[in-house]
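This is structure.cif (mmCIF, C-alpha atoms).
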data_model
loop_
_atom_site.label_atom_id
_atom_site.label_comp_id
_atom_site.auth_asym_id
_atom_site.auth_seq_id
_atom_site.Cartn_x
_atom_site.Cartn_y
_atom_site.Cartn_z
CA MET A 782 45.68 -13.14 27.80
CA ASN A 783 44.78 -12.58 24.18
CA ALA A 784 41.01 -12.27 23.85
CA THR A 785 39.57 -12.32 20.36
CA ARG A 786 36.85 -9.94 19.45
CA PRO A 787 33.81 -11.21 17.61
CA GLN A 788 33.94 -10.33 13.94
CA ARG A 789 31.73 -7.43 12.93
CA ARG A 790 29.76 -7.41 9.75
CA PRO A 791 31.16 -5.16 7.05
CA ALA A 792 29.42 -1.78 6.83
CA SER A 793 28.41 -2.44 3.22
CA SER A 794 26.52 -5.59 4.25
CA THR A 795 24.66 -3.67 6.96
CA ARG A 796 23.73 -0.96 4.46
CA ALA A 797 22.44 -3.56 2.01
CA CYS A 798 20.26 -5.14 4.71
CA ARG A 799 18.87 -1.73 5.69
CA ALA A 800 18.15 -0.94 2.05
CA ALA A 801 16.34 -4.27 1.64
CA ILE A 802 14.21 -3.57 4.71
CA ALA A 803 13.38 -0.08 3.41
CA LEU A 804 12.37 -1.51 0.03
CA LEU A 805 10.16 -4.14 1.69
CA ALA A 806 8.47 -1.36 3.67
CA THR A 807 7.92 0.53 0.41
CA VAL A 808 6.31 -2.53 -1.20
CA PHE A 809 4.02 -2.88 1.81
CA MET A 810 2.99 0.79 1.56
CA VAL A 811 2.36 0.55 -2.20
CA VAL A 812 0.24 -2.58 -1.90
CA HIS A 813 -1.75 -1.65 1.18
CA GLY A 814 -1.82 2.11 0.65
CA SER A 815 -3.65 1.74 -2.66
CA ARG A 816 -6.30 -0.37 -0.96
CA LEU A 817 -6.77 2.08 1.88
CA GLY A 818 -7.34 5.06 -0.40
CA ALA A 819 -9.39 3.28 -3.05
CA GLN A 820 -12.76 4.71 -4.00
CA THR A 821 -13.33 7.05 -1.07
CA ASN A 822 -15.32 9.62 -3.06
CA GLU A 823 -18.73 10.26 -1.62
CA VAL A 824 -21.85 10.87 -3.69
CA SER A 825 -22.50 14.58 -3.77
CA GLY A 826 -26.26 14.16 -3.82
CA THR A 827 -26.65 16.05 -7.09
CA SER A 828 -25.49 14.84 -10.46
CA ASP A 829 -23.45 17.00 -12.85
CA PRO A 830 -24.50 15.96 -16.38
CA GLN A 831 -21.94 18.24 -18.11
CA ARG A 832 -19.06 16.73 -16.18
CA LEU A 833 -20.44 13.24 -16.78
CA GLU A 834 -20.65 13.95 -20.52
CA ALA A 835 -16.99 15.05 -20.47
CA VAL A 836 -16.07 11.76 -18.78
CA LEU A 837 -18.11 9.74 -21.29
CA GLU A 838 -16.31 11.46 -24.21
CA GLN A 839 -13.12 9.76 -23.01
CA VAL A 840 -14.73 6.29 -22.84
CA SER A 841 -13.98 4.03 -25.79
CA PRO A 842 -16.78 2.23 -27.59
CA ASP A 843 -17.58 -1.18 -26.12
CA GLN A 844 -15.66 -0.43 -22.90
CA ARG A 845 -17.20 -2.07 -19.83
CA LEU A 846 -18.94 0.37 -17.48
CA ARG A 847 -20.55 0.07 -14.08
CA VAL A 848 -23.18 2.68 -13.18
CA GLU A 849 -25.04 3.50 -9.96
CA ALA A 850 -28.19 5.49 -10.59
CA GLY A 851 -31.25 6.72 -8.74
CA SER A 852 -32.05 7.13 -5.08
CA PRO A 853 -32.70 3.43 -4.40
CA GLU A 854 -29.29 2.50 -5.72
CA VAL A 855 -29.57 0.64 -8.97
CA ARG A 856 -26.33 -0.84 -10.27
CA LEU A 857 -25.99 -1.51 -13.98
CA GLU A 858 -23.11 -3.14 -15.84
CA GLY A 859 -22.54 -3.44 -19.52
CA ARG A 860 -20.60 -2.24 -22.53
CA TYR A 861 -20.79 1.43 -23.48
CA ALA A 862 -23.22 1.81 -26.38
CA GLY A 863 -23.29 5.63 -26.54
CA THR A 864 -25.35 8.58 -25.33
CA ALA A 865 -28.52 10.03 -26.80
CA ASP A 866 -31.35 12.24 -25.56
CA ALA A 867 -29.53 13.04 -22.27
CA GLY A 868 -29.23 9.34 -21.53
CA LEU A 869 -26.64 6.59 -21.39
CA ALA A 870 -27.03 3.32 -23.27
CA LEU A 871 -25.35 0.16 -21.98
CA SER A 872 -25.33 -3.11 -23.86
CA ALA A 873 -25.96 -5.82 -21.26
CA ASP A 874 -26.73 -9.54 -21.50
CA SER A 875 -30.45 -8.75 -21.32
CA GLY A 876 -30.25 -6.19 -24.14
CA VAL A 877 -29.65 -2.45 -24.28
CA VAL A 878 -30.35 -0.63 -21.00
CA HIS A 879 -30.94 3.14 -20.89
CA THR A 880 -30.58 5.50 -17.94
CA ARG A 881 -30.75 9.30 -17.78
CA LEU A 882 -27.48 11.14 -17.22
CA ASP A 883 -28.93 13.29 -14.43
CA GLU A 884 -29.81 10.12 -12.48
CA ILE A 885 -26.27 8.71 -12.53
CA ASP A 886 -24.54 9.02 -9.15
CA ARG A 887 -21.36 7.02 -9.90
CA LEU A 888 -19.64 5.65 -12.97
CA TRP A 889 -16.71 3.22 -13.15
CA THR A 890 -14.69 2.06 -16.14
CA GLN A 891 -13.07 -1.35 -16.30
CA GLY A 892 -9.43 -1.68 -17.17
CA ARG A 893 -6.47 -3.87 -16.30
CA SER A 894 -3.99 -3.77 -13.41
CA THR A 895 -0.94 -3.87 -15.70
CA ALA A 896 0.84 -0.77 -14.34
CA LYS A 897 0.15 -1.65 -10.72
CA GLY A 898 1.37 -5.21 -11.32
CA ALA A 899 4.56 -3.93 -12.97
CA LEU A 900 5.20 -1.54 -10.07
CA ILE A 901 4.69 -4.19 -7.40
CA GLY A 902 6.67 -6.80 -9.35
CA GLY A 903 9.48 -4.35 -10.03
CA VAL A 904 9.85 -3.32 -6.40
CA ALA A 905 9.67 -6.93 -5.23
CA GLY A 906 12.23 -7.97 -7.86
CA LEU A 907 14.50 -5.12 -6.81
CA VAL A 908 14.35 -6.15 -3.15
CA ILE A 909 14.97 -9.83 -3.91
CA GLY A 910 17.72 -9.07 -6.43
CA ALA A 911 19.52 -6.56 -4.20
CA THR A 912 19.39 -8.93 -1.24
CA TYR A 913 20.69 -11.80 -3.37
CA GLY A 914 23.41 -9.55 -4.80
CA ALA A 915 24.49 -8.49 -1.30
CA LEU A 916 24.68 -12.13 -0.20
CA ILE A 917 26.69 -13.13 -3.29
CA SER A 918 29.07 -10.22 -2.78
CA GLU A 919 29.89 -11.41 0.74
CA VAL A 920 31.39 -14.50 -0.86
CA THR A 921 32.84 -13.17 -4.10
CA CYS A 922 34.03 -9.71 -3.04
CA ALA A 923 36.01 -10.81 0.00
CA GLU A 924 39.25 -11.14 -1.95
CA SER A 925 38.58 -9.06 -5.07
CA SER A 926 38.11 -5.38 -5.81
CA CYS A 927 34.31 -5.47 -6.27
CA THR A 928 31.97 -3.79 -3.82
CA THR A 929 28.91 -5.13 -2.09
CA LEU A 930 26.87 -2.09 -3.08
CA GLY A 931 27.86 -2.36 -6.74
CA LEU A 932 26.96 -6.02 -7.04
CA ALA A 933 23.73 -5.55 -5.05
CA ALA A 934 22.73 -2.69 -7.36
CA ALA A 935 23.51 -4.67 -10.53
CA VAL A 936 21.64 -7.81 -9.44
CA GLY A 937 18.85 -5.62 -7.99
CA GLY A 938 18.41 -3.90 -11.37
CA ILE A 939 18.13 -7.23 -13.13
CA GLY A 940 15.63 -8.40 -10.50
CA ALA A 941 13.60 -5.19 -10.90
CA ALA A 942 13.37 -5.61 -14.67
CA GLY A 943 12.36 -9.27 -14.40
CA GLY A 944 9.90 -8.57 -11.60
CA ALA A 945 8.30 -5.71 -13.53
CA ALA A 946 7.82 -7.91 -16.59
CA VAL A 947 6.26 -10.74 -14.58
CA GLY A 948 4.14 -8.29 -12.57
CA ALA A 949 2.84 -6.64 -15.75
CA LEU A 950 1.81 -10.01 -17.16
CA VAL A 951 0.03 -10.93 -13.93
CA GLY A 952 -1.63 -7.50 -13.79
CA LEU A 953 -2.80 -7.87 -17.39
CA ALA A 954 -4.94 -10.82 -16.29
CA ILE A 955 -6.54 -8.92 -13.38
CA PRO A 956 -9.49 -6.65 -14.20
CA SER A 957 -9.89 -3.49 -12.13
CA TRP A 958 -12.59 -0.85 -11.81
CA LYS A 959 -11.71 2.84 -11.74
CA LEU A 960 -14.17 5.35 -10.35
CA ARG A 961 -14.49 8.09 -12.98
CA PHE A 962 -17.55 10.01 -11.77
CA PRO A 963 -18.32 11.90 -9.47
#
Entire entry expressed as structure tokens:
Amino acid sequence: MNATRPQRRPASSTRACRAAIALLATVFMVVHGSRLGAQTNEVSGTSDPQRLEAVLEQVSPDQRLRVEAGSPEVRLEGRYAGTADAGLALSADSGVVHTRLDEIDRLWTQGRSTAKGALIGGVAGLVIGATYGALISEVTCAESSCTTLGLAAAVGGIGAAGGAAVGALVGLAIPSWKLRFP
């Protein structure tokens, strides 16, 4: 009796699937890991005006700031209008608001999520492209001299570049706050 064995998947296809799973796990860690570790600094209880002044020297004029000040937490938002007489001036909708530097417990600056969007988009594009390349190679490389890994890497690179570009554009539209002090 001549029993036929079931066909096994080529080793290169298995490696490509494992690589795709590893990349998906990496995307999950990047996306959720940044949320888990975000803004865990605790208020020290005492303000450090010299350190705060050093942070404010790096702030560009008219940059949006968010400030928590005083024991009953007061939150202020506005555009940076400068420092004078040991105080911070913010230009808000209601006019210019002043608060003393030694009363500031926390300070955030507003920026954009461009880099984070490019990273997430790039990794996602790499995973999708490499998976697609591995699937294409199963069909096209069966009779030719190309390799599954080579085609998966090439298509994955193209996917990473495209994903990074799209992710950067999406991230550009998303404002984000970065804790700068304490």
> So which one's closest to A:Gln844, A:Trp958, A:Lys897, A:Thr921, A:Ser875? Using only C-alpha atoms, please.
Replying inline: A:Trp958
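On the file presented, the PyMOL selection byres ((chain A and resi 931) around 10) picks out Ser793, Ala911, Gly914, Ala915, Ser918, Cys927, Thr928, Thr929, Leu930, Leu932, Ala933, Ala934, Ala935, Val936 and Gly937 of chain A.
The space separating atom CA of A:Glu834 from atom CA of A:Leu869 comes to 9.5 Å.
Residues matched by the PyMOL selection byres ((chain A and resi 845-847) around 9) in this file are A:Pro842, A:Asp843, A:Gln844, A:Val848, A:Glu849, A:Arg856, A:Leu857, A:Glu858, A:Gly859, A:Arg860, A:Tyr861, A:Leu871, A:Arg887, A:Leu888, A:Trp889, A:Thr890, A:Gln891, A:Gly892, A:Trp958.
For the atom pair formed by atom CA of A:Ala865 and atom CA of A:Ala850, the distance is 16.8 Å, given to one decimal.
Of note, atom CA of A:Arg832 and atom CA of A:Ala873 are spaced 24.1 Å apart.
Nearest residue to A:Gly898 among A:Gln831, A:Ile955, A:Ser841, A:Ala949 is A:Ala949, counting all atoms listed in the file.
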> Which one is closest to A:Val951: A:Val840, A:Ile885, A:Ala899, A:Val855? Count all atoms listed in the file.
Replying inline: A:Ala899
> Applied to this file, what does the PyMOL selection byres ((chain A and resi 947) around 12) return in terms of residues, put as JSON, numbers by chain?
Replying inline: {"A": [895, 896, 897, 898, 899, 900, 901, 902, 903, 904, 905, 906, 940, 941, 942, 943, 944, 945, 946, 948, 949, 950, 951, 952, 953, 954]}
Mind writing the picked residues with C-alpha atoms as a JSON list (two decimals), in the coordinates of the input?
[["chain", "number", "residue", "atom", "x", "y", "z"],
["A", 895, "THR", "CA", -0.94, -3.87, -15.70],
["A", 896, "ALA", "CA", 0.84, -0.77, -14.34],
["A", 897, "LYS", "CA", 0.15, -1.65, -10.72],
["A", 898, "GLY", "CA", 1.37, -5.21, -11.32],
["A", 899, "ALA", "CA", 4.56, -3.93, -12.97],
["A", 900, "LEU", "CA", 5.20, -1.54, -10.07],
["A", 901, "ILE", "CA", 4.69, -4.19, -7.40],
["A", 902, "GLY", "CA", 6.67, -6.80, -9.35],
["A", 903, "GLY", "CA", 9.48, -4.35, -10.03],
["A", 904, "VAL", "CA", 9.85, -3.32, -6.40],
["A", 905, "ALA", "CA", 9.67, -6.93, -5.23],
["A", 906, "GLY", "CA", 12.23, -7.97, -7.86],
["A", 940, "GLY", "CA", 15.63, -8.40, -10.50],
["A", 941, "ALA", "CA", 13.60, -5.19, -10.90],
["A", 942, "ALA", "CA", 13.37, -5.61, -14.67],
["A", 943, "GLY", "CA", 12.36, -9.27, -14.40],
["A", 944, "GLY", "CA", 9.90, -8.57, -11.60],
["A", 945, "ALA", "CA", 8.30, -5.71, -13.53],
["A", 946, "ALA", "CA", 7.82, -7.91, -16.59],
["A", 948, "GLY", "CA", 4.14, -8.29, -12.57],
["A", 949, "ALA", "CA", 2.84, -6.64, -15.75],
["A", 950, "LEU", "CA", 1.81, -10.01, -17.16],
["A", 951, "VAL", "CA", 0.03, -10.93, -13.93],
["A", 952, "GLY", "CA", -1.63, -7.50, -13.79],
["A", 953, "LEU", "CA", -2.80, -7.87, -17.39],
["A", 954, "ALA", "CA", -4.94, -10.82, -16.29]]
>> Could you check the closest approach to A:Gly851 for each of A:Gln839, A:Thr880, A:Ser926, A:Ser872 and tell me which residue wins, using all atoms listed in the file?
In response: A:Thr880
